[in-house]
$ cat work-v1.pdb   # PDB, C-alpha atoms
MODEL        1
ATOM      1  CA  MET M   1       1.811  20.771  16.853
ATOM      2  CA  ILE M   2       3.623  24.022  17.608
ATOM      3  CA  PRO M   3       5.659  23.801  20.853
ATOM      4  CA  LEU M   4       4.348  26.328  23.360
ATOM      5  CA  GLN M   5       4.835  26.467  27.104
ATOM      6  CA  VAL M   6       2.178  28.383  29.064
ATOM      7  CA  VAL M   7       2.614  29.147  32.770
ATOM      8  CA  ASP M   8       1.076  31.568  35.262
ATOM      9  CA  ILE M   9       3.558  33.923  36.926
ATOM     10  CA  ASP M  10       3.227  36.775  39.433
ATOM     11  CA  PHE M  11       3.258  40.442  38.480
ATOM     12  CA  ASP M  12       5.998  41.293  40.995
ATOM     13  CA  SER M  13       8.462  39.283  38.943
ATOM     14  CA  VAL M  14       7.503  41.300  35.862
ATOM     15  CA  CYS M  15       8.213  44.589  37.661
ATOM     16  CA  GLU M  16      11.738  43.412  38.491
ATOM     17  CA  LYS M  17      12.645  42.032  35.065
ATOM     18  CA  ARG M  18      14.414  43.671  32.124
ATOM     19  CA  TYR M  19      12.794  43.297  28.713
ATOM     20  CA  ASP M  20      14.158  43.706  25.203
ATOM     21  CA  ILE M  21      10.794  44.867  23.817
ATOM     22  CA  ALA M  22       7.508  45.964  25.395
ATOM     23  CA  LEU M  23       4.218  46.478  23.554
ATOM     24  CA  PHE M  24       1.362  48.616  24.853
ATOM     25  CA  ALA M  25      -1.942  49.874  23.429
ATOM     26  CA  SER M  26      -3.335  53.361  23.850
ATOM     27  CA  GLY M  27      -7.112  53.080  23.738
ATOM     28  CA  TYR M  28     -10.111  54.889  25.176
ATOM     29  CA  GLU M  29     -10.258  52.871  28.427
ATOM     30  CA  SER M  30      -8.883  54.139  31.734
ATOM     31  CA  ARG M  31      -7.131  50.812  32.294
ATOM     32  CA  SER M  32      -5.019  51.356  29.148
ATOM     33  CA  ILE M  33      -2.384  53.046  31.287
ATOM     34  CA  TYR M  34      -2.813  51.235  34.606
ATOM     35  CA  LEU M  35      -0.126  48.573  34.188
ATOM     36  CA  PRO M  36       2.326  50.796  32.249
ATOM     37  CA  GLY M  37       2.049  53.152  35.229
ATOM     38  CA  LEU M  38       3.365  50.410  37.538
ATOM     39  CA  ILE M  39       6.317  49.381  35.370
ATOM     40  CA  ASP M  40       9.682  51.164  35.416
ATOM     41  CA  PRO M  41      10.444  52.426  31.870
ATOM     42  CA  ASN M  42      14.158  52.071  32.609
ATOM     43  CA  LEU M  43      13.742  48.281  32.545
ATOM     44  CA  ILE M  44      12.503  48.284  28.929
ATOM     45  CA  LEU M  45      15.038  48.566  26.120
ATOM     46  CA  ASN M  46      12.548  49.183  23.307
ATOM     47  CA  PRO M  47       8.999  50.261  24.275
ATOM     48  CA  LEU M  48       6.370  50.325  21.530
ATOM     49  CA  VAL M  49       2.940  51.925  21.868
ATOM     50  CA  PHE M  50       0.222  51.394  19.265
ATOM     51  CA  GLY M  51      -2.789  53.721  19.165
ATOM     52  CA  PHE M  52      -6.083  52.715  17.592
ATOM     53  CA  MET M  53      -6.973  54.551  14.396
ATOM     54  CA  GLU M  54     -10.633  53.793  15.159
ATOM     55  CA  GLU M  55     -12.318  56.291  17.524
ATOM     56  CA  PRO M  56      -9.069  58.305  18.086
ATOM     57  CA  TYR M  57     -10.761  60.933  20.275
ATOM     58  CA  ALA M  58     -13.141  58.762  22.290
ATOM     59  CA  GLY M  59     -13.060  58.376  26.062
ATOM     60  CA  LYS M  60      -9.621  58.675  27.664
ATOM     61  CA  ARG M  61      -7.701  58.323  24.400
ATOM     62  CA  LEU M  62      -6.035  61.757  24.327
ATOM     63  CA  ASP M  63      -5.086  61.534  28.013
ATOM     64  CA  ASN M  64      -3.651  58.060  27.446
ATOM     65  CA  ASP M  65      -1.576  59.253  24.492
ATOM     66  CA  ASN M  66      -0.135  62.039  26.642
ATOM     67  CA  PHE M  67       0.689  59.554  29.405
ATOM     68  CA  TYR M  68       2.815  57.500  27.025
ATOM     69  CA  ARG M  69       4.564  60.606  25.728
ATOM     70  CA  GLU M  70       5.411  61.848  29.197
ATOM     71  CA  ARG M  71       6.200  58.662  31.129
ATOM     72  CA  TRP M  72       7.508  56.450  28.337
ATOM     73  CA  ASN M  73       8.817  59.033  25.882
ATOM     74  CA  CYS M  74       6.851  57.226  23.161
ATOM     75  CA  GLU M  75       4.648  58.626  20.447
ATOM     76  CA  PRO M  76       1.743  56.201  19.874
ATOM     77  CA  ILE M  77       1.926  54.568  16.445
ATOM     78  CA  PRO M  78      -1.473  54.823  14.667
ATOM     79  CA  LEU M  79      -2.736  51.384  13.736
ATOM     80  CA  SER M  80      -6.060  49.836  12.788
ATOM     81  CA  ALA M  81      -7.389  47.124  15.095
ATOM     82  CA  SER M  82      -7.398  44.717  12.130
ATOM     83  CA  ASP M  83      -3.876  45.543  10.880
ATOM     84  CA  ASP M  84      -0.836  43.636  12.110
ATOM     85  CA  LYS M  85       1.825  44.387   9.481
ATOM     86  CA  PRO M  86       3.544  47.244  11.403
ATOM     87  CA  ILE M  87       3.834  45.008  14.466
ATOM     88  CA  TYR M  88       5.828  42.462  12.481
ATOM     89  CA  GLU M  89       8.024  45.240  11.094
ATOM     90  CA  HIS M  90       8.802  46.799  14.479
ATOM     91  CA  LEU M  91       9.469  43.448  16.140
ATOM     92  CA  HIS M  92      11.840  42.431  13.361
ATOM     93  CA  GLU M  93      13.710  45.733  13.606
ATOM     94  CA  HIS M  94      14.318  45.547  17.358
ATOM     95  CA  ALA M  95      14.942  41.807  17.561
ATOM     96  CA  GLN M  96      18.090  42.198  15.470
ATOM     97  CA  GLU M  97      19.752  43.926  18.425
ATOM     98  CA  VAL M  98      19.345  40.937  20.766
ATOM     99  CA  ASN M  99      21.621  37.948  21.167
ATOM    100  CA  GLY M 100      20.250  34.885  22.910
ATOM    101  CA  PRO M 101      16.639  34.502  24.136
ATOM    102  CA  LEU M 102      14.326  37.414  23.360
ATOM    103  CA  HIS M 103      12.263  38.764  26.263
ATOM    104  CA  ILE M 104       9.024  40.574  25.401
ATOM    105  CA  LEU M 105       6.467  42.253  27.676
ATOM    106  CA  LEU M 106       2.951  42.633  26.269
ATOM    107  CA  ASP M 107       0.051  44.461  27.939
ATOM    108  CA  TYR M 108      -3.086  43.261  26.153
ATOM    109  CA  SER M 109      -5.609  44.848  28.546
ATOM    110  CA  SER M 110      -6.921  47.188  25.829
ATOM    111  CA  MET M 111      -5.292  45.589  22.795
ATOM    112  CA  SER M 112      -6.787  44.148  19.623
ATOM    113  CA  ARG M 113      -6.525  40.362  19.506
ATOM    114  CA  ILE M 114      -5.081  40.714  16.003
ATOM    115  CA  TRP M 115      -2.129  42.592  17.524
ATOM    116  CA  TYR M 116      -1.218  40.117  20.236
ATOM    117  CA  ALA M 117      -1.814  37.180  17.905
ATOM    118  CA  ALA M 118       0.710  38.837  15.573
ATOM    119  CA  VAL M 119       3.342  38.800  18.324
ATOM    120  CA  LEU M 120       2.776  35.066  18.811
ATOM    121  CA  ASN M 121       2.845  34.361  15.075
ATOM    122  CA  TRP M 122       6.039  36.350  14.658
ATOM    123  CA  SER M 123       7.642  34.512  17.579
ATOM    124  CA  ARG M 124       6.879  31.055  16.228
ATOM    125  CA  LEU M 125       7.392  31.670  12.506
ATOM    126  CA  ALA M 126       9.850  34.536  11.981
ATOM    127  CA  VAL M 127      12.415  34.087  14.756
ATOM    128  CA  LEU M 128      14.631  31.319  13.489
ATOM    129  CA  GLY M 129      16.473  29.262  16.071
ATOM    130  CA  LYS M 130      15.805  31.658  18.951
ATOM    131  CA  GLU M 131      13.706  31.219  22.066
ATOM    132  CA  VAL M 132      11.123  33.954  22.647
ATOM    133  CA  ILE M 133       9.755  34.520  26.145
ATOM    134  CA  ILE M 134       6.587  36.645  26.189
ATOM    135  CA  ASP M 135       5.129  37.885  29.454
ATOM    136  CA  PHE M 136       1.464  38.777  28.902
ATOM    137  CA  ILE M 137      -0.072  41.145  31.439
ATOM    138  CA  TYR M 138      -3.751  42.030  31.792
ATOM    139  CA  SER M 139      -5.599  44.442  34.049
ATOM    140  CA  MET M 140      -9.016  43.164  35.098
ATOM    141  CA  GLY M 141     -11.683  45.772  34.489
ATOM    142  CA  ARG M 142     -14.867  47.197  35.920
ATOM    143  CA  TYR M 143     -17.414  48.453  33.396
ATOM    144  CA  ARG M 144     -19.254  51.701  34.052
ATOM    145  CA  GLU M 145     -22.010  50.410  31.791
ATOM    146  CA  TYR M 146     -22.679  47.181  29.962
ATOM    147  CA  LYS M 147     -21.808  46.932  26.318
ATOM    148  CA  LYS M 148     -24.503  47.474  23.723
ATOM    149  CA  PRO M 149     -25.539  44.428  21.681
ATOM    150  CA  MET M 150     -22.907  43.629  19.074
ATOM    151  CA  ILE M 151     -23.817  44.077  15.428
ATOM    152  CA  ILE M 152     -21.417  41.686  13.730
ATOM    153  CA  GLN M 153     -19.320  43.226  10.975
ATOM    154  CA  GLU M 154     -16.783  40.464  10.493
ATOM    155  CA  MET M 155     -16.355  36.806  11.397
ATOM    156  CA  VAL M 156     -12.975  35.456  10.307
ATOM    157  CA  SER M 157     -10.215  33.190  11.554
ATOM    158  CA  ILE M 158      -7.481  34.875  13.562
ATOM    159  CA  PRO M 159      -4.230  34.752  11.564
ATOM    160  CA  GLY M 160      -2.306  31.625  12.483
ATOM    161  CA  CYS M 161      -5.489  29.972  13.798
ATOM    162  CA  GLU M 162      -7.185  28.853  10.580
ATOM    163  CA  GLY M 163      -7.536  25.173  11.494
ATOM    164  CA  ARG M 164      -8.273  22.428   8.974
ATOM    165  CA  ALA M 165      -9.124  23.436   5.423
ATOM    166  CA  TYR M 166     -11.712  20.650   5.110
ATOM    167  CA  ARG M 167     -14.520  19.156   7.157
ATOM    168  CA  LEU M 168     -14.221  15.705   8.646
ATOM    169  CA  ARG M 169     -16.711  13.559  10.576
ATOM    170  CA  GLU M 170     -18.141  16.142  12.967
ATOM    171  CA  SER M 171     -18.209  19.862  13.551
ATOM    172  CA  VAL M 172     -17.405  21.054  17.071
ATOM    173  CA  ALA M 173     -17.843  24.617  18.350
ATOM    174  CA  VAL M 174     -16.396  25.823  21.651
ATOM    175  CA  PHE M 175     -17.775  29.199  22.788
ATOM    176  CA  GLY M 176     -16.160  31.468  25.324
ATOM    177  CA  LEU M 177     -19.172  33.345  26.683
ATOM    178  CA  GLY M 178     -19.262  37.044  27.512
ATOM    179  CA  PHE M 179     -21.756  39.876  27.163
ATOM    180  CA  HIS M 180     -22.683  39.202  23.501
ATOM    181  CA  GLY M 181     -25.458  36.622  23.745
ATOM    182  CA  GLU M 182     -27.307  37.405  20.511
ATOM    183  CA  ALA M 183     -24.083  37.623  18.527
ATOM    184  CA  ALA M 184     -22.989  34.238  19.901
ATOM    185  CA  LEU M 185     -26.306  32.733  18.774
ATOM    186  CA  TYR M 186     -25.785  34.130  15.272
ATOM    187  CA  VAL M 187     -22.281  32.646  15.062
ATOM    188  CA  LEU M 188     -23.555  29.276  16.280
ATOM    189  CA  ASP M 189     -26.244  29.311  13.587
ATOM    190  CA  GLN M 190     -23.614  29.994  10.928
ATOM    191  CA  LEU M 191     -21.317  27.213  12.126
ATOM    192  CA  GLU M 192     -24.048  24.533  12.176
ATOM    193  CA  ALA M 193     -22.069  22.605  14.767
ATOM    194  CA  ASP M 194     -22.884  19.019  15.670
ATOM    195  CA  THR M 195     -21.413  19.392  19.162
ATOM    196  CA  VAL M 196     -21.348  22.597  21.212
ATOM    197  CA  TYR M 197     -19.317  23.408  24.305
ATOM    198  CA  ALA M 198     -19.363  26.664  26.231
ATOM    199  CA  PHE M 199     -17.187  28.115  28.946
ATOM    200  CA  LEU M 200     -17.165  31.317  30.954
ATOM    201  CA  ALA M 201     -15.020  33.124  33.490
ATOM    202  CA  SER M 202     -15.696  31.926  37.031
ATOM    203  CA  PRO M 203     -14.189  33.114  39.248
ATOM    204  CA  GLY M 204     -14.237  36.263  37.148
ATOM    205  CA  SER M 205     -13.562  39.897  37.863
ATOM    206  CA  SER M 206     -16.800  39.927  39.932
ATOM    207  CA  LYS M 207     -19.686  37.637  40.903
ATOM    208  CA  GLU M 208     -22.030  40.100  39.221
ATOM    209  CA  TYR M 209     -20.333  39.514  35.851
ATOM    210  CA  VAL M 210     -20.590  35.732  36.220
ATOM    211  CA  ASN M 211     -24.356  35.965  36.805
ATOM    212  CA  LYS M 212     -24.716  38.477  33.985
ATOM    213  CA  THR M 213     -22.914  36.168  31.565
ATOM    214  CA  TYR M 214     -25.225  33.266  32.420
ATOM    215  CA  GLU M 215     -28.293  35.485  31.966
ATOM    216  CA  ILE M 216     -27.206  37.000  28.636
ATOM    217  CA  ASN M 217     -26.348  33.587  27.184
ATOM    218  CA  LYS M 218     -29.258  31.566  28.574
ATOM    219  CA  ASP M 219     -30.774  30.901  25.129
ATOM    220  CA  LEU M 220     -27.544  29.398  23.822
ATOM    221  CA  ILE M 221     -27.010  27.403  27.012
ATOM    222  CA  ASN M 222     -30.555  26.026  27.296
ATOM    223  CA  ASN M 223     -31.779  25.594  23.727
ATOM    224  CA  TYR M 224     -28.859  24.411  21.604
ATOM    225  CA  LYS M 225     -27.880  21.091  23.192
ATOM    226  CA  THR M 226     -24.846  22.697  24.741
ATOM    227  CA  ARG M 227     -22.833  20.472  27.033
ATOM    228  CA  PRO M 228     -22.742  21.619  30.684
ATOM    229  CA  VAL M 229     -21.099  25.037  30.850
ATOM    230  CA  LEU M 230     -17.456  24.875  31.876
ATOM    231  CA  GLU M 231     -16.409  27.414  34.482
ATOM    232  CA  MET M 232     -12.791  28.470  34.039
ATOM    233  CA  PRO M 233     -10.825  30.919  36.203
ATOM    234  CA  LEU M 234     -10.164  34.298  34.652
ATOM    235  CA  ALA M 235      -6.941  34.716  36.627
ATOM    236  CA  SER M 236      -5.225  31.549  35.334
ATOM    237  CA  ILE M 237      -4.578  31.279  31.623
ATOM    238  CA  GLU M 238      -2.448  28.214  32.310
ATOM    239  CA  SER M 239      -5.538  26.428  33.696
ATOM    240  CA  CYS M 240      -7.862  27.686  30.979
ATOM    241  CA  TYR M 241      -5.417  26.643  28.254
ATOM    242  CA  ARG M 242      -5.255  23.156  29.758
ATOM    243  CA  TYR M 243      -9.041  22.842  30.202
ATOM    244  CA  ILE M 244      -9.771  23.843  26.603
ATOM    245  CA  ALA M 245      -7.136  21.414  25.304
ATOM    246  CA  GLU M 246      -8.630  18.598  27.398
ATOM    247  CA  THR M 247     -12.162  19.446  26.228
ATOM    248  CA  ILE M 248     -11.332  19.207  22.534
ATOM    249  CA  ALA M 249      -8.930  16.258  22.845
ATOM    250  CA  PRO M 250     -11.540  13.531  22.019
ATOM    251  CA  HIS M 251     -12.544  15.421  18.845
ATOM    252  CA  ARG M 252      -9.113  16.305  17.463
ATOM    253  CA  PRO M 253      -8.469  13.137  15.409
ATOM    254  CA  ASP M 254     -11.444  13.575  13.079
ATOM    255  CA  GLY M 255     -13.378  16.687  14.088
ATOM    256  CA  GLU M 256     -13.583  20.172  12.636
ATOM    257  CA  ILE M 257     -13.015  22.212  15.805
ATOM    258  CA  THR M 258     -13.705  25.944  16.028
ATOM    259  CA  LEU M 259     -13.049  28.057  19.104
ATOM    260  CA  VAL M 260     -15.207  31.186  19.414
ATOM    261  CA  PRO M 261     -13.927  33.299  22.333
ATOM    262  CA  MET M 262     -16.404  36.133  22.972
ATOM    263  CA  GLY M 263     -15.598  36.690  26.643
ATOM    264  CA  PRO M 264     -12.781  38.436  28.504
ATOM    265  CA  LYS M 265      -9.357  38.801  26.907
ATOM    266  CA  PRO M 266      -7.508  36.213  29.064
ATOM    267  CA  HIS M 267      -9.871  33.558  27.718
ATOM    268  CA  VAL M 268      -9.362  34.917  24.200
ATOM    269  CA  LEU M 269      -5.614  34.556  24.670
ATOM    270  CA  ALA M 270      -6.007  31.004  26.009
ATOM    271  CA  SER M 271      -8.107  30.093  22.956
ATOM    272  CA  ILE M 272      -5.561  31.569  20.544
ATOM    273  CA  LEU M 273      -2.770  29.636  22.253
ATOM    274  CA  VAL M 274      -4.701  26.357  21.960
ATOM    275  CA  ALA M 275      -5.399  26.974  18.253
ATOM    276  CA  MET M 276      -1.751  27.815  17.601
ATOM    277  CA  HIS M 277      -0.582  24.719  19.473
ATOM    278  CA  PHE M 278      -2.939  22.397  17.588
ATOM    279  CA  ARG M 279      -2.867  23.279  13.885
ATOM    280  CA  GLU M 280      -6.151  21.465  13.198
ATOM    281  CA  VAL M 281      -8.067  23.822  15.544
ATOM    282  CA  ALA M 282      -9.474  27.156  14.331
ATOM    283  CA  CYS M 283     -10.113  30.277  16.403
ATOM    284  CA  LEU M 284     -12.556  32.918  15.191
ATOM    285  CA  ARG M 285     -12.491  36.655  15.603
ATOM    286  CA  VAL M 286     -16.039  37.999  15.801
ATOM    287  CA  SER M 287     -15.993  41.789  15.610
ATOM    288  CA  GLY M 288     -18.516  44.584  15.526
ATOM    289  CA  ALA M 289     -18.495  48.354  15.249
ATOM    290  CA  PRO M 290     -16.326  50.211  17.796
ATOM    291  CA  ASN M 291     -18.226  50.742  21.047
ATOM    292  CA  PRO M 292     -16.206  53.096  23.261
ATOM    293  CA  ILE M 293     -17.008  52.232  26.875
ATOM    294  CA  ASP M 294     -14.675  53.189  29.669
ATOM    295  CA  VAL M 295     -13.270  50.291  31.669
ATOM    296  CA  LEU M 296     -11.680  51.038  35.026
ATOM    297  CA  PRO M 297      -8.897  48.882  36.501
ATOM    298  CA  THR M 298      -9.906  46.783  39.497
ATOM    299  CA  GLY M 299      -6.294  46.400  40.647
ATOM    300  CA  GLU M 300      -6.296  42.653  39.936
ATOM    301  CA  ILE M 301      -3.727  41.500  37.385
ATOM    302  CA  VAL M 302      -3.429  38.355  35.251
ATOM    303  CA  THR M 303       0.154  37.527  34.293
ATOM    304  CA  THR M 304       1.152  34.710  31.958
ATOM    305  CA  ARG M 305       4.456  33.588  30.484
ATOM    306  CA  VAL M 306       4.468  31.969  27.049
ATOM    307  CA  ILE M 307       7.703  30.406  25.832
ATOM    308  CA  VAL M 308       7.992  29.881  22.079
ATOM    309  CA  LYS M 309      10.700  27.980  20.250
ATOM    310  CA  GLY M 310      11.085  30.021  17.095
ATOM    311  CA  GLY M 311      11.641  28.440  13.721
TER     312      GLY M 311
ENDMDL
END
$ encode --input "work-v1.pdb" --output "structure tokens"
Amino acid sequence: MIPLQVVDIDFDSVCEKRYDIALFASGYESRSIYLPGLIDPNLILNPLVFGFMEEPYAGKRLDNDNFYRERWNCEPIPLSASDDKPIYEHLHEHAQEVNGPLHILLDYSSMSRIWYAAVLNWSRLAVLGKEVIIDFIYSMGRYREYKKPMIIQEMVSIPGCEGRAYRLRESVAVFGLGFHGEAALYVLDQLEADTVYAFLASPGSSKEYVNKTYEINKDLINNYKTRPVLEMPLASIESCYRYIAETIAPHRPDGEITLVPMGPKPHVLASILVAMHFREVACLRVSGAPNPIDVLPTGEIVTTRVIVKGG
């Protein structure tokens, strides 16, 4: 097991804290700049902004790039959503300047899961003998329209979350449900799981989204011998992390366990953290073609502190 400590914190404490490194993403969503607009740039020693190479002119992307130039004095670094090498390089460069515990701020509201998984992998594998404290911040969003059905392009393990290399007595799949019902069914068919669990965000960013998630995923819930759906709060990654760990606990000794988070990013982060804590657990990244839909900030914020003992 990899030692990780996961706790919920309040956003006010983030706004008052000094950080050695901050990582932001410039995407096409309006919420890409919501939280960076609330944080004082003078409290960040080394801000880093990564801009998606995919769909570079879609939605609010150009406006968001300009925001980071003007408020943060940062030129967004072009990066593919599936590339994490530059993140390792930049973290390594700036970490050399810090003595003692390293404090990192990470806004993953519009960020690729490959990018924030890279920060966790770097913290636990590349930082020898140093404690890394990562404050994850997330702006809940309101969709102007629902996402189109996902056409799956790739289904691979997230780096650092590969799980066991061999199958044991049973295969267990744990789905985090979102707005991709047909894609989730396809993944389930490919996994051929003996036991299926599913969870969704409730309370979520709205009651409407909870009902929509149940409706979109009704075939998976009703027809595939899924255990009763687990409702987990969107606003508490600490709780979600604990619930997922408790759910898979009976299967860990001799089960092939795969987490498939296809819902909101806080539940994706919780799944990644569980898979990184328990080496025998895998976490999949299911991705489709870019689908630029604007997401507006609701004003609600999820803030989580992850403490990693490097090396």
$ resolve_selection --input "work-v1.pdb" --expression "the PyMOL selection byres ((chain M and resi 280-293) around 6)" --output "list in words"
Met150, Ile151, Ile152, Gln153, Glu154, Met155, Val156, Ser157, Ile158, Cys161, Glu162, Gly163, Arg164, Ile257, Thr258, Leu259, Val260, Ala275, Phe278, Arg279 and Asp294 of chain M
$ residues_around --input "work-v1.pdb" --residues "M:Ser139" --least-positions-apart "3" --cutoff "10 Å" --atoms "all atoms listed in the file" --output "list in words"
Arg31, Ser32, Ile33, Tyr34, Leu35, Asp107, Tyr108, Ser109, Ser110, Arg142, Ser205, Lys265, Pro266, Val295, Leu296, Pro297, Thr298, Gly299, Glu300, Ile301, Val302 and Thr303 of chain M
$ residues_around --input "work-v1.pdb" --residues "stretch 62-76 of chain M" --least-positions-apart "2" --cutoff "12 Å" --atoms "all atoms listed in the file" --output "ChimeraX atom specification"
/M:22-53,55-60,78-79,110
$ closest_residue --input "work-v1.pdb" --among "M:Ala184, M:Ala193, M:Ala249, M:Ala81" --to "M:Lys218" --atoms "only C-alpha atoms"
M:Ala184
$ resolve_selection --input "work-v1.pdb" --expression "the PyMOL selection byres ((chain M and resi 236-241) around 6)" --output "VMD selection string"
chain M and resid 6 to 8 232 to 235 242 to 244 270
$ resolve_selection --input "work-v1.pdb" --expression "the PyMOL selection byres ((chain M and resi 123) around 12)" --output "compact mmCIF listing (two decimals) with C-alpha atoms, in the coordinates of the input"
# COMPACT_ATOMS: atom_id res chain seq x y z
CA ILE M 2 3.62 24.02 17.61
CA PRO M 3 5.66 23.80 20.85
CA LEU M 4 4.35 26.33 23.36
CA ILE M 87 3.83 45.01 14.47
CA TYR M 88 5.83 42.46 12.48
CA LEU M 91 9.47 43.45 16.14
CA HIS M 92 11.84 42.43 13.36
CA ALA M 95 14.94 41.81 17.56
CA PRO M 101 16.64 34.50 24.14
CA LEU M 102 14.33 37.41 23.36
CA HIS M 103 12.26 38.76 26.26
CA ILE M 104 9.02 40.57 25.40
CA TYR M 116 -1.22 40.12 20.24
CA ALA M 117 -1.81 37.18 17.90
CA ALA M 118 0.71 38.84 15.57
CA VAL M 119 3.34 38.80 18.32
CA LEU M 120 2.78 35.07 18.81
CA ASN M 121 2.84 34.36 15.08
CA TRP M 122 6.04 36.35 14.66
CA ARG M 124 6.88 31.06 16.23
CA LEU M 125 7.39 31.67 12.51
CA ALA M 126 9.85 34.54 11.98
CA VAL M 127 12.42 34.09 14.76
CA LEU M 128 14.63 31.32 13.49
CA GLY M 129 16.47 29.26 16.07
CA LYS M 130 15.80 31.66 18.95
CA GLU M 131 13.71 31.22 22.07
CA VAL M 132 11.12 33.95 22.65
CA ILE M 133 9.76 34.52 26.14
CA ILE M 134 6.59 36.65 26.19
CA GLY M 160 -2.31 31.62 12.48
CA MET M 276 -1.75 27.82 17.60
CA VAL M 306 4.47 31.97 27.05
CA ILE M 307 7.70 30.41 25.83
CA VAL M 308 7.99 29.88 22.08
CA LYS M 309 10.70 27.98 20.25
CA GLY M 310 11.08 30.02 17.10
CA GLY M 311 11.64 28.44 13.72
$ atom_distance --input "work-v1.pdb" --atom1 "atom CA of M:Leu273" --atom2 "atom CA of M:Glu208"
27.7 Å
$ atom_distance --input "work-v1.pdb" --atom1 "atom CA of M:Pro149" --atom2 "atom CA of M:Asp189"
17.2 Å
$ atom_distance --input "work-v1.pdb" --atom1 "atom CA of M:Asp135" --atom2 "atom CA of M:Val14"
7.6 Å
$ residues_around --input "work-v1.pdb" --residues "M:Leu200" --least-positions-apart "3" --cutoff "8 Å" --atoms "all atoms listed in the file" --output "ChimeraX atom specification"
/M:176-178,210,213,229-232,263
$ closest_residue --input "work-v1.pdb" --among "M:Val172, M:Arg18, M:Trp115, M:Gly100" --to "M:Lys85" --atoms "all atoms listed in the file"
M:Trp115
$ closest_residue --input "work-v1.pdb" --among "M:Asp219, M:Glu246, M:Glu16, M:Glu256" --to "M:Asp194" --atoms "only C-alpha atoms"
M:Glu256
$ decode --input "work-v1.pdb" --residues "stretch 149-161 of chain M" --atoms "N, CA, C and O atoms" --output "compact mmCIF listing (two decimals), in the first residue's frame"
# COMPACT_ATOMS: atom_id res chain seq x y z
N PRO M 149 -23.58 11.54 -26.68
CA PRO M 149 -23.10 10.19 -26.33
C PRO M 149 -21.63 10.02 -26.67
O PRO M 149 -21.16 10.47 -27.72
N MET M 150 -20.89 9.41 -25.76
CA MET M 150 -19.46 9.21 -25.98
C MET M 150 -19.21 8.09 -26.96
O MET M 150 -19.77 7.00 -26.85
N ILE M 151 -18.36 8.35 -27.94
CA ILE M 151 -17.84 7.30 -28.82
C ILE M 151 -16.44 6.98 -28.31
O ILE M 151 -15.52 7.80 -28.43
N ILE M 152 -16.27 5.82 -27.71
CA ILE M 152 -15.03 5.50 -27.03
C ILE M 152 -13.88 5.37 -28.03
O ILE M 152 -13.97 4.66 -29.03
N GLN M 153 -12.80 6.11 -27.74
CA GLN M 153 -11.59 6.03 -28.54
C GLN M 153 -10.49 5.24 -27.83
O GLN M 153 -9.64 4.64 -28.47
N GLU M 154 -10.53 5.27 -26.51
CA GLU M 154 -9.46 4.63 -25.75
C GLU M 154 -9.97 4.17 -24.40
O GLU M 154 -10.78 4.86 -23.76
N MET M 155 -9.51 3.02 -23.97
CA MET M 155 -9.87 2.48 -22.66
C MET M 155 -8.60 1.85 -22.07
O MET M 155 -8.24 0.72 -22.40
N VAL M 156 -7.92 2.60 -21.24
CA VAL M 156 -6.63 2.16 -20.70
C VAL M 156 -6.54 2.48 -19.22
O VAL M 156 -7.29 3.32 -18.70
N SER M 157 -5.61 1.83 -18.53
CA SER M 157 -5.38 2.13 -17.13
C SER M 157 -4.71 3.49 -17.00
O SER M 157 -3.84 3.85 -17.79
N ILE M 158 -5.12 4.25 -16.00
CA ILE M 158 -4.45 5.51 -15.68
C ILE M 158 -3.07 5.17 -15.15
O ILE M 158 -2.91 4.25 -14.35
N PRO M 159 -2.03 5.89 -15.60
CA PRO M 159 -0.68 5.60 -15.10
C PRO M 159 -0.62 5.61 -13.58
O PRO M 159 -1.13 6.52 -12.93
N GLY M 160 0.00 4.57 -13.04
CA GLY M 160 0.08 4.43 -11.59
C GLY M 160 -1.09 3.68 -11.00
O GLY M 160 -1.12 3.43 -9.79
N CYS M 161 -2.07 3.32 -11.85
CA CYS M 161 -3.29 2.65 -11.38
C CYS M 161 -3.55 1.39 -12.21
O CYS M 161 -4.68 1.11 -12.61
